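Novice: Okay, here's the structure, questions in a sec.
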Amino acid sequence: MRAALLIALVTSGLLFGQPDRFDILIAGGKVVDGSGNPWYDADVGIRGDTIAAVGKLSGATAAERIDARGLVVAPGFIDIHSHGRRGIFSVPTAENYLREGVTTIIEGPDGSSPLPLKPFFESLAKTPISINFAAFVGQGTIRQQVIGLANRKATPAEIARMKDLAAQAMRDGAFGLSTGLFYVPGNFTPTEEVIEIAKVVGRMGGMHISHMREEAGHVLDSVRETIRIGEEGGLPTQITHHKIIGQPNWGRSVDTLKLVEEARARGVDVTIDQYPYTASSTGIAALFPQWSLEGGQKSTLERLAAPEERARIKAVVVENLKFDRGAGDPRNVQIVNCAFDRSLAGKNLAEITRARGAEPNIENAAETAIALVSKGGCSAIFHAIDEDDVVRIMRSPYTMIASDGEIPVFGQAAPHPRSYGTFARVLGVYVREKHVLTLEDAVRRMSGYPAQRLKIWDRGLVRPGMKADVIVFDANTVADRAQYDQPHQYSVGVRDVIVNGKPVLRHDQVTSERPGHVLYGPAHQ
Ligand SMILES: [Zn+2]
């Protein structure tokens, strides 16, 4: 009996003070732990998929030793607003995300998600991927499934059906409800209807995240609505990719942030996320009046064929080019991709208008936009945000960083650079160059804060017992490289990325490991 105990103690190394043994030891780095606290010197020992120890581990042995001297060791970043659900299957490494330090992305934003979620998660779980993947359920998708794209109120029976679908999505593993009240069919949804569904999601522990109804002239009303959904729905609510669109509205972040402060002061759990760019990206139909999009492409074409309706549509497109997403110049609207003509990628509305043989003024650019939507539409980038608003929103203690990006196929189309650069850009431009945030605060807004928001309690911090999503980067060189005219450029400076205890990026090289998991929300069964 005693001999057995002795042998056990000896083999476990306890008796003779034998060194700890880890699978990976990250040695000599400055730990920025995701809480916002100042960096400190420590080694990080990883065993299996878990951070086993943090501290002075110089005597330990490890199968793999990562020398982090002069570098920052931080939790992997969590992107609470991502459009990676198509890209993850064609680019399972999600290399654009890896190279900016992201180890978890949350899909299903802007009111749009796979539905039902279960088969989506099942096919994802069968796909070897490098990063962790989670999802919201989209209110627009739920509404479309129940009542299509019609612009009308839901009946009580339809609302009951929508609540059931939301509850099922929560049981399937959603982290909450996303809305896209700017888009069809979310824009046809009265706030009261959203609140009814939000109540179900809130009772099951989920949150609400909103692409707001309007981010230009009516942005204050939109913030009030987002707050109201949280307040009356009884759940945490988030203004996603918060920005102020259109020159006449610049500066209104002073007031939107005041609304957030007031709401929090009376007990509403409202937060913000943001990407660090002065351009947005969405379908070019965003220039159209919302009523003209009801019923889908076929109905839109019918309206464009009726001269009176066409004139009303064009008047709004002109207005939007002047004061909203166009910010007064057709050059501010740049094509990401048109399925019907790939050669348009990267060109702006002025260039395309000139190529059509017309003077590139706003009237003619509106005609170009109508022609593009008629042919099936394009995705586009809109330069219509002021840097002062970006910085003001970033400084709010309630703002976390999220990309609103996707997983591009390298070299294809001309996507918004946010997909490649968001997190590295905050660290390079807004921490190192502009001193808008401290390094620790920036890392908090990319890791510990979104983890807490999502109630992912075992990630987002470098602490013993947490899942080993850990990155090593050089705070002196980390930078985004993707530009609007040359978007396919990986960020630099993130040297090592570990997901669930496995290195997926090592010495700047993508490895063959695919340790990413589907992460399930608080009501998963
Ligand atoms: Zn959005």
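Chain labels follow the order of the structure tokens: the first chain is A, the next B, and so on; residue numbering restarts at 1 in every chain, and ligands are counted from 1 in their shown order.
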Could I get the residue neighbourhood of ligand 1 at 12 Å, counting only C-alpha atoms and all ligand atoms, as a PyMOL selection string?
Specialist: chain A and resi 80-83+107-112+138+178-183+186+209-215+239-243+273-275+280-283+286+402-406
Novice: Need to verify the contact set: His218 in chain A, 12 Å, only C-alpha atoms, exclusion of same-chain residues closer than 5 positions in sequence. Can you return it as number ranges by chain?
Specialist: A: 182, 212-213, 223-225, 244-246, 248-249, 252, 255-256, 324
Novice: Can you work out which one of A:Met466, A:Ala414, A:Val137, A:Ala475 has the shortest atom-to-atom distance to Asn500 in chain A, counting only C-alpha atoms?
Specialist: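 When distances to Asn500 in chain A are compared using only C-alpha atoms, the smallest one comes from A:Met466.
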Novice: Identify, on the basis of only C-alpha atoms, every residue whose closest approach to range 485-496 of chain A does not exceed 6 Å; exclude the query and any residue fewer than 5 positions from it along the same chain; express the result as a list in words.
Specialist: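 These residues fall inside the cut-off: Asn96, Arg99, Glu100, Gly411, Pro417, Tyr420, Gly421, Ile471, Val472, Phe473, Asp474, Thr477, Val478, Ala479, Asp480, Leu505, Arg506, His507 and Asp508 of chain A.
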Novice: Go ahead and dump the residues you just picked, N, CA and C atoms, as a tab-separated table (two decimals), in the first residue's frame.
Specialist:
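Listed below is the output, out_28.tsv:
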```
chain	number	residue	atom	x	y	z
A	96	ASN	N	-7.47	34.96	-42.67
A	96	ASN	CA	-7.57	36.41	-42.44
A	96	ASN	C	-7.78	36.71	-40.96
A	99	ARG	N	-4.59	35.68	-38.60
A	99	ARG	CA	-3.45	36.60	-38.66
A	99	ARG	C	-3.71	37.94	-38.00
A	100	GLU	N	-4.93	38.14	-37.53
A	100	GLU	CA	-5.16	39.31	-36.66
A	100	GLU	C	-5.49	38.86	-35.24
A	411	GLY	N	-7.76	36.92	-52.65
A	411	GLY	CA	-7.66	37.40	-54.03
A	411	GLY	C	-8.99	37.56	-54.74
A	417	PRO	N	-11.71	46.10	-46.18
A	417	PRO	CA	-10.48	45.64	-45.50
A	417	PRO	C	-10.70	45.17	-44.05
A	420	TYR	N	-9.74	41.58	-43.05
A	420	TYR	CA	-8.33	41.24	-42.85
A	420	TYR	C	-7.69	42.04	-41.72
A	421	GLY	N	-8.26	43.22	-41.40
A	421	GLY	CA	-7.47	44.14	-40.60
A	421	GLY	C	-8.00	44.60	-39.26
A	471	ILE	N	-2.78	33.94	-27.90
A	471	ILE	CA	-2.02	34.46	-29.03
A	471	ILE	C	-0.74	35.13	-28.53
A	472	VAL	N	0.25	35.18	-29.40
A	472	VAL	CA	1.52	35.87	-29.12
A	472	VAL	C	1.75	36.87	-30.24
A	473	PHE	N	1.86	38.16	-29.86
A	473	PHE	CA	2.09	39.16	-30.90
A	473	PHE	C	3.10	40.21	-30.46
A	474	ASP	N	3.62	40.91	-31.46
A	474	ASP	CA	4.60	41.96	-31.21
A	474	ASP	C	3.88	43.30	-31.21
A	477	THR	N	5.06	45.94	-33.75
A	477	THR	CA	4.92	45.79	-35.22
A	477	THR	C	3.53	45.39	-35.66
A	478	VAL	N	2.68	44.97	-34.75
A	478	VAL	CA	1.35	44.48	-35.18
A	478	VAL	C	0.65	45.58	-35.97
A	479	ALA	N	0.12	45.22	-37.14
A	479	ALA	CA	-0.48	46.24	-38.01
A	479	ALA	C	-1.39	45.58	-39.05
A	480	ASP	N	-2.39	46.36	-39.46
A	480	ASP	CA	-3.21	45.92	-40.59
A	480	ASP	C	-2.51	46.34	-41.88
A	505	LEU	N	-1.31	28.83	-35.80
A	505	LEU	CA	-0.33	29.70	-36.46
A	505	LEU	C	0.93	29.63	-35.59
A	506	ARG	N	2.05	29.27	-36.21
A	506	ARG	CA	3.28	29.08	-35.44
A	506	ARG	C	4.41	29.71	-36.23
A	507	HIS	N	5.11	30.66	-35.59
A	507	HIS	CA	6.18	31.38	-36.30
A	507	HIS	C	5.67	31.94	-37.62
A	508	ASP	N	4.48	32.53	-37.60
A	508	ASP	CA	3.88	33.15	-38.79
A	508	ASP	C	3.41	32.16	-39.84
```
Novice: Determine, counting only C-alpha atoms, which protein, DNA and RNA residues have an atom within 10 Å of an atom of Arg203 in chain A; residues of the same chain fewer than 3 positions away are not included. Present the result as a PyMOL selection string.
Specialist: chain A and resi 167+198-200+206-207+233-235+523
Novice: Output as a ChimeraX atom specification all residues of range 318-428 of chain A that backbone DSSP marks as alpha helix (DSSP H).
Specialist: /A:318-323,349-355,362-374,387-395,418-425
Novice: Using only C-alpha atoms, pick whichever of A:Asn151, A:Thr278, A:Thr353, A:Asn337 has the shortest atom-to-atom distance to Ile385 in chain A.
Specialist: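 Closest to Ile385 in chain A, using only C-alpha atoms: A:Thr278.
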Novice: Need the shell around Ala355 in chain A: protein/DNA/RNA residues with any atom at most 12 Å away, counting only C-alpha atoms. Skip same-chain ones fewer than 4 positions apart. Format as a PyMOL selection string?
Specialist: chain A and resi 344+347-351+359-360+364-365+368
Novice: Could you tell me which of A:Ile498, A:Ile105, A:Ala42, A:Ala369 comes closest to Arg514 in chain A if we count only C-alpha atoms?
Specialist: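 For Arg514 in chain A, the nearest of the given residues is A:Ile498.
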Novice: List the neighbours of Ile227 in chain A out to 9 Å using only C-alpha atoms; skip same-chain residues closer than 6 positions along the sequence, and give me the result as a list in words.
Specialist: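 What passes the distance filter is Thr237, Gln238, Ile239, Leu259, Val260, Ala263, Val268, Asp269 and Val270 of chain A.
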Novice: Enumerate, as a ChimeraX atom specification, the complete set of residues in range 271-388 of chain A that a backbone-based DSSP assignment places in strand (DSSP E).
Specialist: /A:271-274,279-283,333-338,378-383
Novice: Could those selected residues go to a file with all heavy atoms, as a short mmCIF file (atom, residue, chain, number, x, y, z; two decimals), in the first residue's frame?
Specialist:
```cif
data_model
loop_
_atom_site.label_atom_id
_atom_site.label_comp_id
_atom_site.auth_asym_id
_atom_site.auth_seq_id
_atom_site.Cartn_x
_atom_site.Cartn_y
_atom_site.Cartn_z
N THR A 271 -24.78 47.81 -24.56
CA THR A 271 -23.36 47.89 -24.92
C THR A 271 -23.24 48.15 -26.42
O THR A 271 -24.24 48.25 -27.13
CB THR A 271 -22.63 46.58 -24.55
OG1 THR A 271 -23.39 45.48 -25.06
CG2 THR A 271 -22.47 46.44 -23.05
N ILE A 272 -21.99 48.24 -26.87
CA ILE A 272 -21.69 48.68 -28.24
C ILE A 272 -20.57 47.82 -28.80
O ILE A 272 -19.71 47.36 -28.06
CB ILE A 272 -21.21 50.16 -28.21
CG1 ILE A 272 -22.27 51.08 -27.62
CG2 ILE A 272 -20.77 50.64 -29.59
CD1 ILE A 272 -21.74 52.46 -27.23
N ASP A 273 -20.61 47.60 -30.13
CA ASP A 273 -19.38 47.15 -30.78
C ASP A 273 -19.13 48.00 -32.01
O ASP A 273 -20.00 48.74 -32.46
CB ASP A 273 -19.39 45.65 -31.10
CG ASP A 273 -20.40 45.28 -32.17
OD1 ASP A 273 -20.18 45.63 -33.33
OD2 ASP A 273 -21.42 44.63 -31.83
N GLN A 274 -17.92 47.89 -32.55
CA GLN A 274 -17.47 48.82 -33.58
C GLN A 274 -16.32 48.23 -34.39
O GLN A 274 -15.51 47.49 -33.85
CB GLN A 274 -16.95 50.09 -32.86
CG GLN A 274 -16.28 51.10 -33.76
CD GLN A 274 -15.47 52.12 -32.97
OE1 GLN A 274 -14.79 51.78 -32.02
NE2 GLN A 274 -15.54 53.37 -33.38
N ALA A 279 -15.48 53.65 -43.41
CA ALA A 279 -16.37 53.21 -44.49
C ALA A 279 -17.14 52.00 -44.02
O ALA A 279 -16.63 51.19 -43.23
CB ALA A 279 -15.57 52.87 -45.74
N SER A 280 -18.37 51.88 -44.49
CA SER A 280 -19.19 50.70 -44.18
C SER A 280 -19.24 49.83 -45.43
O SER A 280 -18.70 50.18 -46.48
CB SER A 280 -20.59 51.13 -43.76
OG SER A 280 -21.25 51.77 -44.83
N SER A 281 -19.89 48.68 -45.31
CA SER A 281 -20.04 47.81 -46.47
C SER A 281 -21.32 47.03 -46.38
O SER A 281 -21.61 46.42 -45.35
CB SER A 281 -18.85 46.85 -46.58
OG SER A 281 -18.98 46.04 -47.73
N THR A 282 -22.09 47.06 -47.45
CA THR A 282 -23.33 46.27 -47.52
C THR A 282 -23.78 46.25 -48.99
O THR A 282 -23.04 46.67 -49.88
CB THR A 282 -24.41 46.85 -46.58
OG1 THR A 282 -25.50 45.93 -46.52
CG2 THR A 282 -24.91 48.20 -47.03
N GLY A 283 -24.97 45.76 -49.23
CA GLY A 283 -25.48 45.72 -50.60
C GLY A 283 -25.72 47.13 -51.13
O GLY A 283 -26.05 48.05 -50.37
N VAL A 333 -18.66 55.52 -53.23
CA VAL A 333 -19.30 54.20 -53.30
C VAL A 333 -18.46 53.30 -54.19
O VAL A 333 -18.32 53.55 -55.39
CB VAL A 333 -20.73 54.30 -53.84
CG1 VAL A 333 -21.39 52.92 -53.88
CG2 VAL A 333 -21.55 55.26 -52.98
N GLN A 334 -17.88 52.26 -53.60
CA GLN A 334 -16.92 51.41 -54.30
C GLN A 334 -17.43 49.97 -54.30
O GLN A 334 -17.82 49.45 -53.27
CB GLN A 334 -15.57 51.52 -53.56
CG GLN A 334 -14.45 50.69 -54.14
CD GLN A 334 -13.27 50.66 -53.18
OE1 GLN A 334 -13.06 51.56 -52.38
NE2 GLN A 334 -12.50 49.58 -53.25
N ILE A 335 -17.43 49.35 -55.47
CA ILE A 335 -17.99 48.01 -55.61
C ILE A 335 -17.06 46.95 -54.99
O ILE A 335 -15.86 46.94 -55.25
CB ILE A 335 -18.24 47.67 -57.10
CG1 ILE A 335 -19.22 48.68 -57.71
CG2 ILE A 335 -18.74 46.23 -57.25
CD1 ILE A 335 -20.58 48.71 -57.07
N VAL A 336 -17.65 46.07 -54.17
CA VAL A 336 -16.93 44.90 -53.66
C VAL A 336 -17.01 43.77 -54.67
O VAL A 336 -16.00 43.18 -55.05
CB VAL A 336 -17.54 44.44 -52.32
CG1 VAL A 336 -16.95 43.10 -51.88
CG2 VAL A 336 -17.32 45.50 -51.24
N ASN A 337 -18.23 43.47 -55.10
CA ASN A 337 -18.44 42.36 -56.02
C ASN A 337 -19.82 42.45 -56.65
O ASN A 337 -20.80 42.77 -55.99
CB ASN A 337 -18.31 41.03 -55.28
CG ASN A 337 -18.29 39.85 -56.23
OD1 ASN A 337 -17.69 39.92 -57.29
ND2 ASN A 337 -18.95 38.77 -55.86
N CYS A 338 -19.90 42.19 -57.96
CA CYS A 338 -21.18 42.03 -58.65
C CYS A 338 -21.16 40.64 -59.28
O CYS A 338 -20.29 40.36 -60.10
CB CYS A 338 -21.37 43.06 -59.75
SG CYS A 338 -21.28 44.76 -59.20
N CYS A 378 -25.12 44.42 -56.18
CA CYS A 378 -23.70 44.23 -55.89
C CYS A 378 -23.49 44.54 -54.42
O CYS A 378 -24.26 45.26 -53.81
CB CYS A 378 -22.84 45.22 -56.68
SG CYS A 378 -23.28 45.39 -58.41
N SER A 379 -22.42 44.00 -53.87
CA SER A 379 -21.99 44.47 -52.56
C SER A 379 -21.06 45.67 -52.78
O SER A 379 -20.41 45.77 -53.83
CB SER A 379 -21.29 43.37 -51.77
OG SER A 379 -20.40 42.66 -52.61
N ALA A 380 -21.04 46.58 -51.82
CA ALA A 380 -20.27 47.80 -52.02
C ALA A 380 -19.72 48.34 -50.70
O ALA A 380 -20.15 47.93 -49.62
CB ALA A 380 -21.15 48.87 -52.67
N ILE A 381 -18.74 49.22 -50.82
CA ILE A 381 -18.16 49.93 -49.68
C ILE A 381 -18.60 51.38 -49.78
O ILE A 381 -18.62 51.95 -50.88
CB ILE A 381 -16.62 49.83 -49.72
CG1 ILE A 381 -16.17 48.38 -49.47
CG2 ILE A 381 -15.97 50.78 -48.71
CD1 ILE A 381 -14.71 48.13 -49.78
N PHE A 382 -18.98 51.97 -48.65
CA PHE A 382 -19.49 53.35 -48.64
C PHE A 382 -18.62 54.19 -47.70
O PHE A 382 -18.63 53.98 -46.48
CB PHE A 382 -20.94 53.36 -48.15
CG PHE A 382 -21.87 52.48 -48.96
CD1 PHE A 382 -22.02 51.13 -48.65
CD2 PHE A 382 -22.58 52.99 -50.04
CE1 PHE A 382 -22.87 50.32 -49.40
CE2 PHE A 382 -23.44 52.19 -50.79
CZ PHE A 382 -23.58 50.84 -50.46
N HIS A 383 -17.90 55.15 -48.27
CA HIS A 383 -17.04 56.01 -47.44
C HIS A 383 -17.87 57.21 -46.96
O HIS A 383 -18.00 58.20 -47.66
CB HIS A 383 -15.85 56.50 -48.28
CG HIS A 383 -14.96 55.39 -48.74
ND1 HIS A 383 -13.85 54.99 -48.03
CD2 HIS A 383 -15.02 54.57 -49.82
CE1 HIS A 383 -13.26 53.98 -48.66
NE2 HIS A 383 -13.96 53.72 -49.75
#
```
Novice: Mind checking which residues fall within 12 Å of Ser35 in chain A, counting only C-alpha atoms, ignoring those fewer than 3 positions away in the same chain, and posting them as a list in words?
Specialist: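 Here the answer would be Val31, Val32, Pro38, Trp39, Ala74, Pro75, Leu439, Glu440, Asp441, Ala442, Val443, Arg444, Arg445, Met446, Ser447, Gly448, Tyr449, Pro450, Ala451, Gln452, Arg459, Gly460, Leu461, Val462 and Arg463 of chain A.
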Novice: I'd like to know which of A:Ala150, A:Ala216, A:Ala468, A:Leu115 is closest to Met162 in chain A, using only C-alpha atoms.
Specialist: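 Of A:Ala150, A:Ala216, A:Ala468, A:Leu115, the one nearest Met162 in chain A, counting only C-alpha atoms, is A:Leu115.
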Novice: For Asn361 in chain A, which residue among A:Glu387, A:Asp41, A:Asp329, A:Asp341 is the nearest when counting only C-alpha atoms?
Specialist: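 So, comparing all the options, the nearest one is A:Asp329.
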Novice: Rank nothing, just name the residue among A:Pro114, A:Pro276, A:Gly501, A:Pro236 nearest to Ile24 in chain A, using only C-alpha atoms.
Specialist: A:Gly501
Novice: Between CA of Tyr430 in chain A and CA of Leu454 in chain A, measure the distance and give it in Å to one decimal.
Specialist: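 Between these atoms lies a distance of 24.7 Å.
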Novice: Any idea what the distance is between CA of Val184 in chain A and CA of Gly376 in chain A?
Specialist: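 Atom-to-atom, CA of Val184 in chain A to CA of Gly376 in chain A, that is 15.5 Å.
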